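Coordinates from my_file-v1.pdb are shown below (PDB, C-alpha atoms and all ligand atoms).
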```pdb
ATOM      1  CA  MET A   1       7.772  62.962  60.619
ATOM      2  CA  ILE A   2      10.419  62.753  63.366
ATOM      3  CA  SER A   3      10.819  59.716  65.556
ATOM      4  CA  ILE A   4      13.435  59.644  68.316
ATOM      5  CA  ARG A   5      13.857  56.248  69.956
ATOM      6  CA  ASN A   6      15.919  55.716  73.069
ATOM      7  CA  VAL A   7      18.722  58.021  71.952
ATOM      8  CA  SER A   8      21.800  58.307  74.141
ATOM      9  CA  LYS A   9      24.950  60.233  73.451
ATOM     10  CA  TRP A  10      28.194  60.578  75.352
ATOM     11  CA  TYR A  11      31.045  63.040  75.265
ATOM     12  CA  GLY A  12      33.727  60.786  76.731
ATOM     13  CA  ASP A  13      32.307  59.674  80.087
ATOM     14  CA  PHE A  14      29.683  62.426  80.138
ATOM     15  CA  ARG A  15      26.236  61.309  79.058
ATOM     16  CA  VAL A  16      24.744  64.324  77.319
ATOM     17  CA  LEU A  17      21.581  62.513  76.138
ATOM     18  CA  ASP A  18      20.032  59.849  78.311
ATOM     19  CA  GLY A  19      17.575  57.525  76.592
ATOM     20  CA  CYS A  20      15.522  60.226  74.857
ATOM     21  CA  SER A  21      12.351  59.105  73.087
ATOM     22  CA  THR A  22       9.665  61.204  71.446
ATOM     23  CA  ALA A  23       7.952  61.732  68.130
ATOM     24  CA  VAL A  24       6.740  64.702  66.129
ATOM     25  CA  GLY A  25       3.863  64.036  63.752
ATOM     26  CA  LYS A  26       3.283  65.792  60.446
ATOM     27  CA  GLY A  27       2.111  69.344  61.083
ATOM     28  CA  GLU A  28       2.803  69.105  64.784
ATOM     29  CA  VAL A  29       4.598  71.840  66.728
ATOM     30  CA  VAL A  30       6.676  70.679  69.684
ATOM     31  CA  VAL A  31       8.421  73.087  72.030
ATOM     32  CA  VAL A  32      11.506  71.861  73.900
ATOM     33  CA  CYS A  33      12.506  73.680  77.068
ATOM     34  CA  GLY A  34      14.713  73.064  80.066
ATOM     35  CA  PRO A  35      17.680  74.499  81.916
ATOM     36  CA  SER A  36      20.901  75.504  80.235
ATOM     37  CA  GLY A  37      23.128  72.490  79.635
ATOM     38  CA  SER A  38      20.246  69.989  79.701
ATOM     39  CA  GLY A  39      20.963  68.760  76.160
ATOM     40  CA  LYS A  40      18.338  70.629  74.116
ATOM     41  CA  SER A  41      20.752  71.840  71.429
ATOM     42  CA  THR A  42      22.452  68.469  71.284
ATOM     43  CA  LEU A  43      19.135  66.672  70.761
ATOM     44  CA  ILE A  44      18.058  69.011  67.995
ATOM     45  CA  LYS A  45      21.454  68.758  66.281
ATOM     46  CA  CYS A  46      21.144  64.979  66.373
ATOM     47  CA  VAL A  47      17.830  65.263  64.518
ATOM     48  CA  ASN A  48      19.468  66.819  61.472
ATOM     49  CA  GLY A  49      22.621  64.753  61.658
ATOM     50  CA  LEU A  50      24.915  67.565  62.807
ATOM     51  CA  GLU A  51      25.844  65.471  65.861
ATOM     52  CA  PRO A  52      26.271  61.698  65.932
ATOM     53  CA  PHE A  53      24.769  59.600  68.745
ATOM     54  CA  GLN A  54      25.942  56.251  70.060
ATOM     55  CA  GLN A  55      22.672  54.573  70.959
ATOM     56  CA  GLY A  56      19.093  54.447  69.692
ATOM     57  CA  ASP A  57      17.706  55.747  66.429
ATOM     58  CA  ILE A  58      16.241  58.886  64.929
ATOM     59  CA  ARG A  59      14.099  58.783  61.816
ATOM     60  CA  VAL A  60      13.151  61.810  59.775
ATOM     61  CA  ASP A  61      10.351  61.155  57.304
ATOM     62  CA  GLY A  62      11.249  57.467  57.450
ATOM     63  CA  THR A  63      14.997  57.872  56.909
ATOM     64  CA  SER A  64      17.160  56.489  59.707
ATOM     65  CA  LEU A  65      20.025  58.645  60.950
ATOM     66  CA  ALA A  66      21.656  55.674  62.657
ATOM     67  CA  ASP A  67      21.904  53.815  59.365
ATOM     68  CA  PRO A  68      25.445  54.277  57.996
ATOM     69  CA  LYS A  69      24.033  54.021  54.464
ATOM     70  CA  THR A  70      21.926  57.162  54.898
ATOM     71  CA  ASP A  71      23.043  60.090  52.768
ATOM     72  CA  LEU A  72      23.340  62.682  55.540
ATOM     73  CA  PRO A  73      23.898  65.771  53.375
ATOM     74  CA  ARG A  74      20.816  64.861  51.375
ATOM     75  CA  LEU A  75      18.730  64.366  54.489
ATOM     76  CA  ARG A  76      20.041  67.591  55.993
ATOM     77  CA  ALA A  77      18.910  69.510  52.913
ATOM     78  CA  ARG A  78      15.321  68.571  53.804
ATOM     79  CA  VAL A  79      15.573  69.614  57.438
ATOM     80  CA  GLY A  80      15.438  73.377  57.994
ATOM     81  CA  MET A  81      17.523  74.604  60.895
ATOM     82  CA  VAL A  82      17.509  78.041  62.492
ATOM     83  CA  PHE A  83      20.078  78.810  65.167
ATOM     84  CA  GLN A  84      20.385  81.390  67.898
ATOM     85  CA  HIS A  85      23.041  83.194  65.865
ATOM     86  CA  PHE A  86      21.747  83.649  62.383
ATOM     87  CA  GLU A  87      24.823  82.337  60.560
ATOM     88  CA  LEU A  88      24.023  84.153  57.343
ATOM     89  CA  PHE A  89      26.842  84.555  54.840
ATOM     90  CA  PRO A  90      28.076  88.083  55.596
ATOM     91  CA  HIS A  91      29.669  88.670  52.177
ATOM     92  CA  LEU A  92      26.498  87.819  50.230
ATOM     93  CA  SER A  93      23.401  89.946  49.727
ATOM     94  CA  VAL A  94      20.209  88.822  51.429
ATOM     95  CA  ILE A  95      18.758  87.399  48.216
ATOM     96  CA  ASP A  96      22.014  85.592  47.398
ATOM     97  CA  ASN A  97      21.936  84.079  50.892
ATOM     98  CA  LEU A  98      18.560  82.606  49.970
ATOM     99  CA  CYS A  99      19.663  81.388  46.536
ATOM    100  CA  LEU A 100      23.008  79.730  47.238
ATOM    101  CA  ALA A 101      21.935  76.336  48.582
ATOM    102  CA  GLN A 102      18.921  76.174  46.271
ATOM    103  CA  ILE A 103      21.327  76.350  43.331
ATOM    104  CA  LYS A 104      24.264  74.366  44.754
ATOM    105  CA  VAL A 105      22.394  71.664  46.665
ATOM    106  CA  LEU A 106      19.026  71.375  44.917
ATOM    107  CA  GLY A 107      20.285  72.257  41.444
ATOM    108  CA  ARG A 108      17.651  74.909  40.828
ATOM    109  CA  SER A 109      18.200  77.487  38.117
ATOM    110  CA  ARG A 110      19.241  80.985  39.140
ATOM    111  CA  GLU A 111      15.841  82.350  38.090
ATOM    112  CA  ALA A 112      13.840  79.711  39.944
ATOM    113  CA  ALA A 113      15.957  80.215  43.073
ATOM    114  CA  ARG A 114      15.521  83.954  42.856
ATOM    115  CA  ASP A 115      11.749  83.773  42.397
ATOM    116  CA  LYS A 116      11.449  81.439  45.341
ATOM    117  CA  GLY A 117      13.789  83.619  47.420
ATOM    118  CA  MET A 118      11.892  86.818  46.645
ATOM    119  CA  ALA A 119       8.540  85.189  47.440
ATOM    120  CA  LEU A 120       9.890  84.047  50.808
ATOM    121  CA  LEU A 121      11.396  87.442  51.594
ATOM    122  CA  ALA A 122       7.988  88.983  50.911
ATOM    123  CA  ARG A 123       6.431  86.425  53.225
ATOM    124  CA  VAL A 124       8.725  87.429  56.114
ATOM    125  CA  GLY A 125       8.219  91.123  55.299
ATOM    126  CA  LEU A 126      11.692  91.800  53.895
ATOM    127  CA  ALA A 127      11.277  92.085  50.131
ATOM    128  CA  GLU A 128      12.735  95.610  50.221
ATOM    129  CA  GLN A 129      15.936  94.380  51.876
ATOM    130  CA  ALA A 130      16.864  91.830  49.191
ATOM    131  CA  GLN A 131      19.934  93.664  47.922
ATOM    132  CA  LYS A 132      21.358  94.580  51.308
ATOM    133  CA  HIS A 133      24.015  92.632  53.150
ATOM    134  CA  PRO A 134      23.138  90.921  56.450
ATOM    135  CA  GLY A 135      25.260  93.368  58.436
ATOM    136  CA  GLN A 136      22.989  96.205  57.317
ATOM    137  CA  LEU A 137      19.934  94.559  58.896
ATOM    138  CA  SER A 138      18.738  94.441  62.492
ATOM    139  CA  GLY A 139      19.016  91.197  64.440
ATOM    140  CA  GLY A 140      15.302  90.510  64.054
ATOM    141  CA  GLN A 141      15.495  91.062  60.307
ATOM    142  CA  GLN A 142      18.544  88.795  60.027
ATOM    143  CA  GLN A 143      16.743  86.036  61.879
ATOM    144  CA  ARG A 144      13.749  86.372  59.534
ATOM    145  CA  VAL A 145      16.169  86.066  56.609
ATOM    146  CA  ALA A 146      17.593  82.923  58.228
ATOM    147  CA  ILE A 147      14.089  81.451  58.485
ATOM    148  CA  ALA A 148      13.348  82.352  54.851
ATOM    149  CA  ARG A 149      16.646  80.788  53.801
ATOM    150  CA  ALA A 150      15.746  77.535  55.539
ATOM    151  CA  LEU A 151      12.270  77.564  53.956
ATOM    152  CA  ALA A 152      13.751  78.046  50.496
ATOM    153  CA  MET A 153      14.888  74.419  50.622
ATOM    154  CA  ASP A 154      11.276  73.163  50.976
ATOM    155  CA  PRO A 155      12.060  71.408  54.250
ATOM    156  CA  VAL A 156       9.842  68.623  55.547
ATOM    157  CA  VAL A 157      10.515  69.820  59.107
ATOM    158  CA  MET A 158      11.873  72.982  60.675
ATOM    159  CA  LEU A 159      14.131  72.892  63.732
ATOM    160  CA  PHE A 160      14.696  76.014  65.803
ATOM    161  CA  ASP A 161      17.348  76.380  68.503
ATOM    162  CA  GLU A 162      16.546  79.401  70.671
ATOM    163  CA  PRO A 163      15.929  81.614  67.640
ATOM    164  CA  THR A 164      15.043  84.679  69.694
ATOM    165  CA  SER A 165      17.397  84.441  72.656
ATOM    166  CA  ALA A 166      20.168  86.533  71.082
ATOM    167  CA  LEU A 167      17.773  89.308  70.021
ATOM    168  CA  ASP A 168      17.045  92.628  71.640
ATOM    169  CA  PRO A 169      13.638  92.377  73.351
ATOM    170  CA  GLU A 170      11.852  94.620  70.857
ATOM    171  CA  MET A 171      12.784  92.275  68.006
ATOM    172  CA  VAL A 172      11.588  89.044  69.559
ATOM    173  CA  SER A 173       7.953  89.373  68.512
ATOM    174  CA  GLU A 174       8.639  89.965  64.805
ATOM    175  CA  VAL A 175      10.501  86.641  64.686
ATOM    176  CA  LEU A 176       7.900  84.815  66.767
ATOM    177  CA  GLU A 177       5.161  86.120  64.449
ATOM    178  CA  VAL A 178       6.882  84.468  61.483
ATOM    179  CA  MET A 179       7.149  81.226  63.466
ATOM    180  CA  VAL A 180       3.498  81.401  64.517
ATOM    181  CA  GLN A 181       2.441  81.902  60.909
ATOM    182  CA  LEU A 182       4.553  78.935  59.856
ATOM    183  CA  ALA A 183       2.997  76.775  62.555
ATOM    184  CA  GLN A 184      -0.502  77.827  61.504
ATOM    185  CA  GLU A 185       0.280  76.924  57.902
ATOM    186  CA  GLY A 186       0.945  73.353  59.035
ATOM    187  CA  MET A 187       4.742  73.178  59.127
ATOM    188  CA  THR A 188       6.165  70.394  61.279
ATOM    189  CA  MET A 189       8.305  72.153  63.872
ATOM    190  CA  MET A 190      10.570  71.296  66.778
ATOM    191  CA  CYS A 191      11.491  74.473  68.624
ATOM    192  CA  VAL A 192      13.892  74.886  71.497
ATOM    193  CA  THR A 193      12.622  78.064  73.101
ATOM    194  CA  HIS A 194      11.751  79.565  76.428
ATOM    195  CA  GLU A 195       9.130  81.815  74.854
ATOM    196  CA  MET A 196       6.198  80.334  76.724
ATOM    197  CA  GLY A 197       3.757  82.748  75.069
ATOM    198  CA  PHE A 198       4.704  81.164  71.753
ATOM    199  CA  ALA A 199       4.330  77.701  73.292
ATOM    200  CA  ARG A 200       0.856  78.545  74.570
ATOM    201  CA  ARG A 201      -0.254  79.891  71.213
ATOM    202  CA  VAL A 202       0.949  77.206  68.833
ATOM    203  CA  ALA A 203       2.596  74.253  70.552
ATOM    204  CA  ASP A 204       0.803  70.937  70.408
ATOM    205  CA  ARG A 205       3.190  69.454  72.955
ATOM    206  CA  VAL A 206       5.860  70.666  75.332
ATOM    207  CA  ILE A 207       8.937  68.639  76.191
ATOM    208  CA  PHE A 208      10.929  69.425  79.311
ATOM    209  CA  MET A 209      14.535  68.228  79.444
ATOM    210  CA  ASP A 210      16.881  68.019  82.400
ATOM    211  CA  ARG A 211      20.357  66.482  82.522
ATOM    212  CA  GLY A 212      20.025  64.897  79.115
ATOM    213  CA  ALA A 213      16.697  63.220  79.791
ATOM    214  CA  ILE A 214      13.164  64.016  78.656
ATOM    215  CA  LEU A 215      11.320  64.438  81.956
ATOM    216  CA  GLU A 216       8.002  65.555  80.480
ATOM    217  CA  ASP A 217       6.401  65.233  77.076
ATOM    218  CA  VAL A 218       2.798  66.349  77.337
ATOM    219  CA  PRO A 219       0.089  68.270  75.454
ATOM    220  CA  ALA A 220       0.736  72.005  75.772
ATOM    221  CA  ASP A 221      -2.506  72.792  77.606
ATOM    222  CA  GLN A 222      -1.673  70.126  80.150
ATOM    223  CA  PHE A 223       1.877  71.438  80.525
ATOM    224  CA  PHE A 224       0.601  74.868  81.469
ATOM    225  CA  ALA A 225      -2.439  73.817  83.483
ATOM    226  CA  ALA A 226      -1.768  70.687  85.472
ATOM    227  CA  PRO A 227       0.599  70.035  88.348
ATOM    228  CA  ARG A 228       3.838  68.642  87.021
ATOM    229  CA  ALA A 229       7.163  67.263  88.115
ATOM    230  CA  GLU A 230       8.894  69.249  90.832
ATOM    231  CA  ARG A 231      11.870  69.941  88.568
ATOM    232  CA  THR A 232       9.659  71.430  85.816
ATOM    233  CA  ARG A 233       7.758  73.606  88.287
ATOM    234  CA  GLU A 234      10.994  74.941  89.682
ATOM    235  CA  PHE A 235      12.275  75.743  86.177
ATOM    236  CA  LEU A 236       9.042  77.430  85.078
ATOM    237  CA  SER A 237       8.906  79.524  88.224
ATOM    238  CA  LYS A 238      12.243  81.033  87.155
ATOM    239  CA  ILE A 239      11.324  81.877  83.576
ATOM    240  CA  LEU A 240       7.628  82.822  83.741
TER     241      LEU A 240
HETATM  242  P1  LIG Y   1      21.412  73.129  76.130
HETATM  243  O1  LIG Y   1      21.191  73.435  74.683
HETATM  244  O2  LIG Y   1      20.237  72.502  76.798
HETATM  245  O3  LIG Y   1      21.887  74.321  76.891
HETATM  246  P2  LIG Y   1      23.618  71.545  75.158
HETATM  247  O4  LIG Y   1      23.005  70.486  74.320
HETATM  248  O5  LIG Y   1      24.249  72.692  74.463
HETATM  249  O6  LIG Y   1      22.568  72.035  76.247
HETATM  250  O7  LIG Y   1      24.730  70.904  76.082
HETATM  251  C1  LIG Y   1      24.462  69.824  76.955
HETATM  252  C2  LIG Y   1      25.687  69.464  77.741
HETATM  253  O8  LIG Y   1      26.690  68.933  76.886
HETATM  254  C3  LIG Y   1      26.329  70.663  78.453
HETATM  255  O9  LIG Y   1      26.738  70.222  79.733
HETATM  256  C4  LIG Y   1      27.508  70.978  77.590
HETATM  257  O10 LIG Y   1      28.548  71.543  78.364
HETATM  258  C5  LIG Y   1      27.893  69.631  77.034
HETATM  259  N1  LIG Y   1      28.528  69.716  75.716
HETATM  260  C6  LIG Y   1      28.008  70.294  74.620
HETATM  261  N2  LIG Y   1      28.830  70.173  73.563
HETATM  262  C7  LIG Y   1      29.923  69.491  74.012
HETATM  263  C8  LIG Y   1      31.135  69.029  73.396
HETATM  264  N3  LIG Y   1      31.394  69.260  72.101
HETATM  265  N4  LIG Y   1      32.009  68.362  74.185
HETATM  266  C9  LIG Y   1      31.743  68.117  75.485
HETATM  267  N5  LIG Y   1      30.617  68.515  76.113
HETATM  268  C10 LIG Y   1      29.718  69.193  75.396
HETATM  269 MG    MG Y   2      21.316  75.204  73.652
END
```
Is it possible to express this structure as structure tokens?
Ligand code: ADP
Ligand code: MG
Amino acid sequence: MISIRNVSKWYGDFRVLDGCSTAVGKGEVVVVCGPSGSGKSTLIKCVNGLEPFQQGDIRVDGTSLADPKTDLPRLRARVGMVFQHFELFPHLSVIDNLCLAQIKVLGRSREAARDKGMALLARVGLAEQAQKHPGQLSGGQQQRVAIARALAMDPVVMLFDEPTSALDPEMVSEVLEVMVQLAQEGMTMMCVTHEMGFARRVADRVIFMDRGAILEDVPADQFFAAPRAERTREFLSKIL
């Protein structure tokens, strides 16, 4: 579903991505971890075309992001993205947050968008909050709305960039539960997270990045069990 081949990216002289290659199969869940500044966010933004790259290629469901003929907005509509900061529209109600892109980008009718939005709010346990504004919800609730909003577009893959790292500790698990459920339902997911409990439960593979490079890309059980690169061990000893 996602194929990343030898991708490099520079900001001026600074190489932020250094020959990254990996692939995420349909229904696979891949967790990306690594120290701050290692290029995790940049890599994930490249996958949905939010950041250009100078070398290599990324394909999402067969569509090349390096191909100048690719319709990026159209591709992006099929790639769900959930950020650290929820980025909901503050002036819209929760349900209108879920409907907007369905109507404007996918051309769905107001009723169809609303039905879909309400079903997804129920799925993340927030049907009662539909008429509220994001500012009236807790951080954990807002992040669940953000996930529901991404799902409303029927994405072929979901990308997460540290979705729980801005949350108060007591709200982390309610968001992770939604992600676990999604993973168990077969969604293809690429998740930047340091929640290793989540990784152990649902990840098929774990990628470790350092200084723009993918240093490890291994099955999750192997990542947690076997001896690994010095740099990964050092990192894990700090977060576990
Ligand atoms: P991570 O998500 O792993 O913390 P990022 O992908 O956000 O890392 O950033 C990787 C590196 O690229 C960092 O050193 C960061 O300072 C740098 N960087 C990110 N965005 C820019 C930018 N727009 N211009 C220059 N450098 C950037
Ligand atoms: Mg980041």
>> I need the residue nearest ligand MG 2 (chain Y) from this list: A:Asp71, A:Glu177, A:Asp61, A:Asp161. Use all atoms listed in the file for the distance.
In response: A:Asp161
Each residue of stretch 34-139 of chain A lying at most 12 Å from stretch 188-194 of chain A should get a row with its shortest atom-to-atom pair and the distance in Å to one decimal, counting all atoms listed in the file; could you produce that, ordered by chain and increasing number, as a tab-separated table?
```
residue	atom	partner	partner_atom	distance
A:Gly34	CA	A:His194	CA	8.0
A:Pro35	CA	A:His194	CA	9.5
A:Ser36	CA	A:His194	CA	10.7
A:Ser38	CA	A:Val192	CA	11.5
A:Gly39	CA	A:Val192	CA	10.5
A:Lys40	CA	A:Val192	CA	6.7
A:Ser41	CA	A:Val192	CA	7.5
A:Thr42	CA	A:Val192	CA	10.7
A:Leu43	CA	A:Val192	CA	9.8
A:Ile44	CA	A:Met190	CA	7.9
A:Lys45	CA	A:Val192	CA	11.0
A:Val47	CA	A:Met190	CA	9.7
A:Asn48	CA	A:Met190	CA	11.3
A:Val60	CA	A:Thr188	CA	11.2
A:Asp61	CA	A:Thr188	CA	10.9
A:Arg78	CA	A:Thr188	CA	12.0
A:Val79	CA	A:Met189	CA	10.0
A:Gly80	CA	A:Met189	CA	9.3
A:Met81	CA	A:Met190	CA	9.7
A:Val82	CA	A:Cys191	CA	9.3
A:Phe83	CA	A:Val192	CA	9.7
A:Gln84	CA	A:Val192	CA	9.9
```
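By all atoms listed in the file, and with residues fewer than 5 positions from A:Met153 along its chain excluded, the set lying at most 10 Å from it is Ala77, Arg78, Val79, Gly80, Leu98, Cys99, Ala101, Gln102, Ile103, Val105, Leu106, Ala113, Lys116, Gly117 and Ala148 of chain A.
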Long-range neighbours of stretch 196-204 of chain A as an mmCIF file with C-alpha atoms, in the frame of the given file, 12 Å cut-off, all atoms listed in the file, 4 positions minimum in chain:
```cif
data_model
loop_
_atom_site.group_PDB
_atom_site.id
_atom_site.type_symbol
_atom_site.label_atom_id
_atom_site.label_comp_id
_atom_site.auth_asym_id
_atom_site.auth_seq_id
_atom_site.Cartn_x
_atom_site.Cartn_y
_atom_site.Cartn_z
ATOM 1 C CA ALA A 23 7.952 61.732 68.130
ATOM 2 C CA VAL A 24 6.740 64.702 66.129
ATOM 3 C CA GLY A 25 3.863 64.036 63.752
ATOM 4 C CA LYS A 26 3.283 65.792 60.446
ATOM 5 C CA GLY A 27 2.111 69.344 61.083
ATOM 6 C CA GLU A 28 2.803 69.105 64.784
ATOM 7 C CA VAL A 29 4.598 71.840 66.728
ATOM 8 C CA VAL A 30 6.676 70.679 69.684
ATOM 9 C CA VAL A 31 8.421 73.087 72.030
ATOM 10 C CA VAL A 32 11.506 71.861 73.900
ATOM 11 C CA CYS A 33 12.506 73.680 77.068
ATOM 12 C CA GLY A 34 14.713 73.064 80.066
ATOM 13 C CA PRO A 163 15.929 81.614 67.640
ATOM 14 C CA THR A 164 15.043 84.679 69.694
ATOM 15 C CA VAL A 172 11.588 89.044 69.559
ATOM 16 C CA SER A 173 7.953 89.373 68.512
ATOM 17 C CA GLU A 174 8.639 89.965 64.805
ATOM 18 C CA VAL A 175 10.501 86.641 64.686
ATOM 19 C CA LEU A 176 7.900 84.815 66.767
ATOM 20 C CA GLU A 177 5.161 86.120 64.449
ATOM 21 C CA VAL A 178 6.882 84.468 61.483
ATOM 22 C CA MET A 179 7.149 81.226 63.466
ATOM 23 C CA VAL A 180 3.498 81.401 64.517
ATOM 24 C CA GLN A 181 2.441 81.902 60.909
ATOM 25 C CA LEU A 182 4.553 78.935 59.856
ATOM 26 C CA ALA A 183 2.997 76.775 62.555
ATOM 27 C CA GLN A 184 -0.502 77.827 61.504
ATOM 28 C CA GLU A 185 0.280 76.924 57.902
ATOM 29 C CA GLY A 186 0.945 73.353 59.035
ATOM 30 C CA MET A 187 4.742 73.178 59.127
ATOM 31 C CA THR A 188 6.165 70.394 61.279
ATOM 32 C CA MET A 189 8.305 72.153 63.872
ATOM 33 C CA MET A 190 10.570 71.296 66.778
ATOM 34 C CA CYS A 191 11.491 74.473 68.624
ATOM 35 C CA VAL A 192 13.892 74.886 71.497
ATOM 36 C CA ASP A 217 6.401 65.233 77.076
ATOM 37 C CA VAL A 218 2.798 66.349 77.337
ATOM 38 C CA PRO A 219 0.089 68.270 75.454
ATOM 39 C CA ALA A 220 0.736 72.005 75.772
ATOM 40 C CA ASP A 221 -2.506 72.792 77.606
ATOM 41 C CA GLN A 222 -1.673 70.126 80.150
ATOM 42 C CA PHE A 223 1.877 71.438 80.525
ATOM 43 C CA PHE A 224 0.601 74.868 81.469
ATOM 44 C CA ALA A 225 -2.439 73.817 83.483
ATOM 45 C CA LEU A 236 9.042 77.430 85.078
ATOM 46 C CA SER A 237 8.906 79.524 88.224
ATOM 47 C CA ILE A 239 11.324 81.877 83.576
ATOM 48 C CA LEU A 240 7.628 82.822 83.741
#
```
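Closest to ligand MG 2 (chain Y) among A:Leu72, A:Val156, A:Val16, A:Val7 is A:Val16, based on all atoms listed in the file.
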Output, as lines of an AutoDock Vina configuration file, the centre and edge lengths in Å (one decimal) of the axis-aligned box that contains all listed atoms of ligand LIG 1 (chain Y) with 5 Å of margin on each side.
```
center_x = 26.1
center_y = 71.2
center_z = 75.9
size_x = 21.8
size_y = 16.2
size_z = 17.6
```
> What is the atom CA of A:Leu100 to atom CA of A:Ala146 distance in Å?
Replying inline: 12.7 Å
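Take the candidates A:Thr22, A:Arg110, A:Asp96, A:Ile4 and check each one against A:Ile207 using all atoms listed in the file; the shortest distance goes to A:Thr22.
For the atom pair formed by atom CA of A:Gly107 and atom CA of A:Val157, the distance is 20.3 Å, given to one decimal.
For the choices A:Ala127, A:Ala213, A:Ala229, A:Leu88, the atom-to-atom distance to A:Arg15 is smallest for A:Ala213 when using all atoms listed in the file.
Taking only C-alpha atoms into account, A:Gln54 lies nearest to A:Gly19 out of the set A:Gly19, A:Gly125, A:Pro134, A:Gly140.
Put simply, atom CA of A:Phe208 is 12.3 Å away from atom O6 of ligand LIG 1 (chain Y).
Evaluated against this file, the PyMOL selection byres (((chain A and resi 132) around 12) and not hetatm) yields Phe89, Pro90, His91, Leu92, Ser93, Val94, Ile95, Asp96, Asn97, Leu126, Ala127, Glu128, Gln129, Ala130, Gln131, His133, Pro134, Gly135, Gln136, Leu137, Ser138, Gln141, Gln142 and Val145 of chain A.
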> A:Gly12, A:Arg205, A:Ile2, A:His85: which is nearest ligand LIG 1 (chain Y), counting only C-alpha atoms and all ligand atoms?
Replying inline: A:Gly12
> Need the neighbours of (14.8, 55.5, 68.6): which residues are at most 6 Å away, counting only C-alpha atoms, as a PyMOL selection string?
Replying inline: chain A and resi 4-7+56-58
